[in-house]
Amino acid sequence: MRISKFILSLTVLFLPLGVEKLYAQEYADVPHNRYTSHGLTFGVGLSNVFDSYLSPLEYTGMEIRVQRETFRQTTFSDGRVYVQTLLNAHASATENKAGNANMYEGLLSWDLGYFYKFGLNDRLSILTGPALDLNGGVIYNERNSNNPAQAKVSVNLAASAMLLYRFHWLHKDFLLRYQATIPFLGAMFTPEYGESYYEIFELKDSGRHLVMTTPFSAPSLRQTLSLDFPVRQTLIRVSYVGDFQQSKLNSLKSHVWSHALLIGFVKNFQLIKPGDADFKKTPLQP
Amino acid sequence: MKTIRLLFFCLLGLTGLLASCVRGDDYDNDAEGNFKALWTIIDEHYCFFDYKAKTIGLDWNQVYTTYHNRLSEDMNSMQLFEVLGEMLSELQDGHVNLYASHDIARNWSWYEDFPANFNDSVHELYLGTDYKIASGLQYKILDDNIGYIYCPSFNSGLGEGNISQVLQDFAECTGIIIDVRGNSGGELVKAERLASHFTNERILVGYMSHKTGTGHNDFSGLQEIWLEPSDGIRWQKKAVVLTNRRCYSATNDFVKDMKECPKVTVIGDQTGGGSGMPFSSELPNGWSVRFSACPIYDVGKNHTEFGILPDINVSMKIEDILKNKDTLIEFARDFLKN
């Protein structure tokens with residue numbers, strides 16, 4: 001029984017927190033490191049894809065996107081430090097202006113950010129901090145010969161900032177949030193200007209494939225504007241994602257610009273441990 | 001107030017970042033725009049400017065002037081295609097093409113200006129109807145116990161198992177003929193895979209480089225190309241490779257590799273060449289363009305863009321064709337038996 005109790009105590013329990021608690025972390029009486037907010041949103045958008053390794057032209061089309069966020073308050077600095085993990089996955093099918101060629105692109109990005117909160121007033125707060133940004137994906141041009149695809153792999157240190165604004169309207173609480181993340185130092189894989197993947201993989205060419213990136217060589221930005229609001233017992237999130245990934249490396253230019261509208265839901269979790277005052281009240285108590 | 005000011009400057013920074021969009025060259029989709037786009041694509045990516053300036057006197061800037069003068073605002077797309085196709089033809093490169101829905105612009109002088117040294121009807125008599133096919137390799141044992149392989153393309157799904165199986169069938173043969181006449185290429189790895197069955201050692205077969213920038217002479221250093229011996233069955237007796245001017249691209253590379261293999265003799269005509277690995281691009285109007293991007297050199301670091309000379313030059317004789325004899329195959333049979 002003790003073992004099962006211990007296992008249960010490590011389980012993250014979903015608690016039907018009142019929908020009026022839009023952002024659980026904001027409650028002063030909440031024990032530190034107890035609440036986590038999970039957001040999951042899906043949506044569609046428009047993509048503009050360009051990679052001079054594949055084509056000198058820009059391709060445009062539709063994209064689908066999934067965004068998964070975990071946002072957690074820590075015990076550091078009297079609870080002013082927050083941790084965010086943000087997963088963005090999107091895929092697009094685009095075509096050239098003439099409409100006779102297609103390019104397919106998919107990118108997975110994962111961010112781990114630490115934020116320090118500056119509370120401006122009861123409603124408005126700013127959080128800023130560093131983030132680790134990992135990206136992996138591919139752009140495929142269906143009619144190219146020996147340059148059919150371009151791998152997109154990068155790791156970055158980024159600066160991220162978010163602005164939160166809470167307001168009450170129609171007897172409900174709303175949370176408006178804007179977040180922007182800009183990589184400022186990183187490394188990206190790229191072939192050399194006219195290099196084939198045959199040379200890289202078959203001949204094991206040791207060219208300049210891992211290139212350091214800065215905001216000048218890879219001026220990129222990922223931004224999200226979201227609105228969280230309650231509908232019955234569920235927290236709904238509607239968001240806009242603007243994702244602008246660009247690079248100028250080895251004389252090759254590339255950009256993937258995305259604008260997407262997403263909708264999904266947010267869940268707030270509370271971690272209950274043995275010894276907590278609320279532990280015996282939990283539904284998993286044997 | 002301090003935070004607000006910080007926020008303001010951050011937003012200003014974001015605006016500046018967004019203003020620094022990374023974009024390509026913006027060409028209009030008209031005759032002038034498509035002409036400039038094509039000329040620039042070739043100017044920045046084509047890999048044989050220096051070599052062809054020396055061998056055929058190519059002056060790409062002069063080409064711009066010559067063909068730009070032929071543009072007019074009222075020309076239709078067929079006329080534009082003709083001008084652009086002729087401009088590309090100046091490169092004398094079989095890997096350079098312009099693809100439109102109605103036509104493919106090309107320069108096939110690499111074989112059209114030379115004798116075929118191959119006759120379909122006569123060749124069919126050698127293969128007969130009882131030949132075997134192993135993933136693109138057509139093969140049989142000729143009457144005088146010479147193994148004969150006809151490889152018309154390197155675009156098939158040729159695997160190690162296929163090649164080993166063919167060589168196993170030829171185990172008792174005196175020697176083998178690998179006929180790649182008319183084979184205009186395919187996948188480089190397939191060509192290397194076949195060649196790897198003719199060496200017991202790892203051998204240097206050539207070099208490759210690529211462009212590192214937009215300048216005509218912006219090239220990487222030469223990357224060595226090594227031929228690794230196959231883990232399957234490796235041929236230990238004499239072998240002959242039959243070539244003609246239609247041996248191009250990956251087949252040209254195959255011949256380059258085979259020339260370095262021991263006990264292999266190349267017989268026939270010079271190959272067609274095509275030693276630049278082709279890349280693709282496109283014009284604002286959607287026409288696709290292909291061009292040589294990465295040059296491949298032989299072991300002497302020489303270009304093979306205009307072909308590889310055989311070890312023994314043999315041409316088809318008309319009197320042999322009239323007797324339903326293939327001069328090259330007959331020569332190779334005698335060569336292998338002696």
# chains A, B, ... in the order shown; residues from 1 in each chain; ligands from 1
>>> interface_residues(of="chain B", to="chain A", cutoff="6 Å", atoms="only C-alpha atoms", output="PyMOL selection string")
chain B and resi 24+210-213+279-281+285-286
>>> write_last_selection(atoms="C-alpha atoms", output="compact mmCIF listing (two decimals), in the first residue's frame")
# COMPACT_ATOMS: atom_id res chain seq x y z
CA GLY B 24 15.42 35.84 -53.46
CA HIS B 210 31.36 21.93 -55.99
CA LYS B 211 30.79 25.64 -56.09
CA THR B 212 31.15 27.54 -52.85
CA GLY B 213 29.87 30.87 -54.11
CA PHE B 279 21.06 20.46 -60.30
CA SER B 280 17.64 21.93 -61.03
CA SER B 281 16.17 25.38 -60.81
CA ASN B 285 7.12 31.44 -65.67
CA GLY B 286 7.50 27.93 -64.22
>>> residues_around(residues="Gly182 (chain B)", least_positions_apart="3", cutoff="10 Å", atoms="only C-alpha atoms", output="PyMOL selection string")
chain B and resi 111+116-118+120+150-153+179+185+243-248+251+271-272
>>> select_by_dssp(residues="region 103-182 of chain B", states="strand (DSSP E)", output="list in words")
Ile104, Ala105, Lys132, Ile133, Ala134, Leu137, Gln138, Tyr139, Lys140, Ile141, Ile146, Gly147, Tyr148, Ile149, Tyr150, Gly175, Ile176, Ile177, Ile178 and Asp179 of chain B
>>> write_last_selection(atoms="N, CA and C atoms", output="PDB file, in the first residue's frame")
ATOM      1  N   ILE B 104      11.511  20.379 -74.753  1.00  0.00           N
ATOM      2  CA  ILE B 104      12.725  20.384 -73.921  1.00  0.00           C
ATOM      3  C   ILE B 104      13.866  20.936 -74.775  1.00  0.00           C
ATOM      4  N   ALA B 105      14.397  22.060 -74.352  1.00  0.00           N
ATOM      5  CA  ALA B 105      15.549  22.628 -75.069  1.00  0.00           C
ATOM      6  C   ALA B 105      16.795  21.832 -74.681  1.00  0.00           C
ATOM      7  N   LYS B 132      18.556 -13.501 -69.784  1.00  0.00           N
ATOM      8  CA  LYS B 132      17.962 -13.258 -68.466  1.00  0.00           C
ATOM      9  C   LYS B 132      18.020 -11.761 -68.142  1.00  0.00           C
ATOM     10  N   ILE B 133      17.173 -11.355 -67.230  1.00  0.00           N
ATOM     11  CA  ILE B 133      17.148  -9.940 -66.820  1.00  0.00           C
ATOM     12  C   ILE B 133      17.258  -9.865 -65.301  1.00  0.00           C
ATOM     13  N   ALA B 134      18.287  -9.189 -64.819  1.00  0.00           N
ATOM     14  CA  ALA B 134      18.455  -8.993 -63.377  1.00  0.00           C
ATOM     15  C   ALA B 134      18.404  -7.505 -63.078  1.00  0.00           C
ATOM     16  N   LEU B 137      19.796  -5.422 -65.811  1.00  0.00           N
ATOM     17  CA  LEU B 137      20.929  -6.042 -66.528  1.00  0.00           C
ATOM     18  C   LEU B 137      20.396  -7.197 -67.369  1.00  0.00           C
ATOM     19  N   GLN B 138      20.617  -7.092 -68.691  1.00  0.00           N
ATOM     20  CA  GLN B 138      20.214  -8.194 -69.572  1.00  0.00           C
ATOM     21  C   GLN B 138      21.475  -9.018 -69.843  1.00  0.00           C
ATOM     22  N   TYR B 139      21.406 -10.330 -69.630  1.00  0.00           N
ATOM     23  CA  TYR B 139      22.656 -11.095 -69.722  1.00  0.00           C
ATOM     24  C   TYR B 139      22.445 -12.516 -70.227  1.00  0.00           C
ATOM     25  N   LYS B 140      23.491 -13.024 -70.856  1.00  0.00           N
ATOM     26  CA  LYS B 140      23.488 -14.414 -71.323  1.00  0.00           C
ATOM     27  C   LYS B 140      24.936 -14.843 -71.575  1.00  0.00           C
ATOM     28  N   ILE B 141      25.129 -16.136 -71.695  1.00  0.00           N
ATOM     29  CA  ILE B 141      26.458 -16.649 -72.030  1.00  0.00           C
ATOM     30  C   ILE B 141      26.483 -16.905 -73.536  1.00  0.00           C
ATOM     31  N   ILE B 146      31.683 -16.725 -73.441  1.00  0.00           N
ATOM     32  CA  ILE B 146      31.922 -15.355 -72.967  1.00  0.00           C
ATOM     33  C   ILE B 146      30.617 -14.847 -72.357  1.00  0.00           C
ATOM     34  N   GLY B 147      30.696 -14.343 -71.148  1.00  0.00           N
ATOM     35  CA  GLY B 147      29.502 -13.766 -70.527  1.00  0.00           C
ATOM     36  C   GLY B 147      29.235 -12.385 -71.094  1.00  0.00           C
ATOM     37  N   TYR B 148      27.971 -12.126 -71.389  1.00  0.00           N
ATOM     38  CA  TYR B 148      27.623 -10.834 -71.999  1.00  0.00           C
ATOM     39  C   TYR B 148      26.537 -10.158 -71.156  1.00  0.00           C
ATOM     40  N   ILE B 149      26.819  -8.933 -70.728  1.00  0.00           N
ATOM     41  CA  ILE B 149      25.845  -8.138 -69.964  1.00  0.00           C
ATOM     42  C   ILE B 149      25.536  -6.875 -70.747  1.00  0.00           C
ATOM     43  N   TYR B 150      24.265  -6.632 -70.968  1.00  0.00           N
ATOM     44  CA  TYR B 150      23.886  -5.355 -71.587  1.00  0.00           C
ATOM     45  C   TYR B 150      23.199  -4.507 -70.512  1.00  0.00           C
ATOM     46  N   GLY B 175      35.632 -14.892 -69.896  1.00  0.00           N
ATOM     47  CA  GLY B 175      35.679 -13.461 -69.582  1.00  0.00           C
ATOM     48  C   GLY B 175      34.285 -12.875 -69.770  1.00  0.00           C
ATOM     49  N   ILE B 176      34.116 -11.633 -69.442  1.00  0.00           N
ATOM     50  CA  ILE B 176      32.787 -11.041 -69.642  1.00  0.00           C
ATOM     51  C   ILE B 176      32.876  -9.695 -70.355  1.00  0.00           C
ATOM     52  N   ILE B 177      31.771  -9.420 -71.052  1.00  0.00           N
ATOM     53  CA  ILE B 177      31.621  -8.132 -71.741  1.00  0.00           C
ATOM     54  C   ILE B 177      30.492  -7.370 -71.039  1.00  0.00           C
ATOM     55  N   ILE B 178      30.784  -6.159 -70.654  1.00  0.00           N
ATOM     56  CA  ILE B 178      29.733  -5.278 -70.109  1.00  0.00           C
ATOM     57  C   ILE B 178      29.485  -4.194 -71.150  1.00  0.00           C
ATOM     58  N   ASP B 179      28.347  -4.278 -71.771  1.00  0.00           N
ATOM     59  CA  ASP B 179      28.026  -3.380 -72.870  1.00  0.00           C
ATOM     60  C   ASP B 179      27.175  -2.221 -72.344  1.00  0.00           C
TER      61      ASP B 179
END
>>> select_by_dssp(residues="region 30-75 of chain B", states="helix (DSSP H, G or I)", output="PyMOL selection string")
chain B and resi 31-45+49-55+60-68
>>> closest_residue(among="A:Tyr178, A:Tyr140, A:Phe76, A:Phe115", to="Gly242 (chain A)", atoms="only C-alpha atoms")
A:Tyr178
>>> residues_around(residues="Trp39 (chain B)", least_positions_apart="4", cutoff="8 Å", atoms="only C-alpha atoms", output="list in words")
Phe35, Asp43 and Tyr64 of chain B
>>> closest_residue(among="B:Leu322, B:Lys237, B:Phe306, B:Met87", to="Ile56 (chain B)", atoms="only C-alpha atoms")
B:Phe306
>>> residues_around(residues="Asn162 (chain B)", least_positions_apart="3", cutoff="10 Å", atoms="only C-alpha atoms", output="PyMOL selection string")
chain B and resi 133-137+157-159+165-168+194+232
>>> residues_around(residues="Gly45 (chain A)", least_positions_apart="3", cutoff="9 Å", atoms="only C-alpha atoms", output="MDAnalysis selection string")
chainID A and resid 61:65 92 241 258:262
>>> write_last_selection(atoms="C-alpha atoms", output="short mmCIF file (atom, residue, chain, number, x, y, z; two decimals), in the first residue's frame")
data_model
loop_
_atom_site.label_atom_id
_atom_site.label_comp_id
_atom_site.auth_asym_id
_atom_site.auth_seq_id
_atom_site.Cartn_x
_atom_site.Cartn_y
_atom_site.Cartn_z
CA GLY A 61 0.43 27.47 -49.81
CA MET A 62 -1.41 26.06 -46.82
CA GLU A 63 0.02 24.65 -43.67
CA ILE A 64 -1.22 22.69 -40.69
CA ARG A 65 0.26 23.31 -37.27
CA SER A 92 3.01 22.78 -45.56
CA VAL A 241 1.34 32.08 -34.55
CA SER A 258 4.12 31.03 -41.51
CA HIS A 259 0.96 32.66 -40.31
CA ALA A 260 -1.39 30.28 -38.55
CA LEU A 261 -4.59 30.49 -36.55
CA LEU A 262 -4.89 27.84 -33.86
#
>>> closest_residue(among="A:Val138, A:Leu176, A:Leu124, A:Val231", to="Met103 (chain A)", atoms="only C-alpha atoms")
A:Val138
>>> atom_distance(atom1="CA of Asp133 (chain A)", atom2="CA of Arg72 (chain A)")
17.8 Å
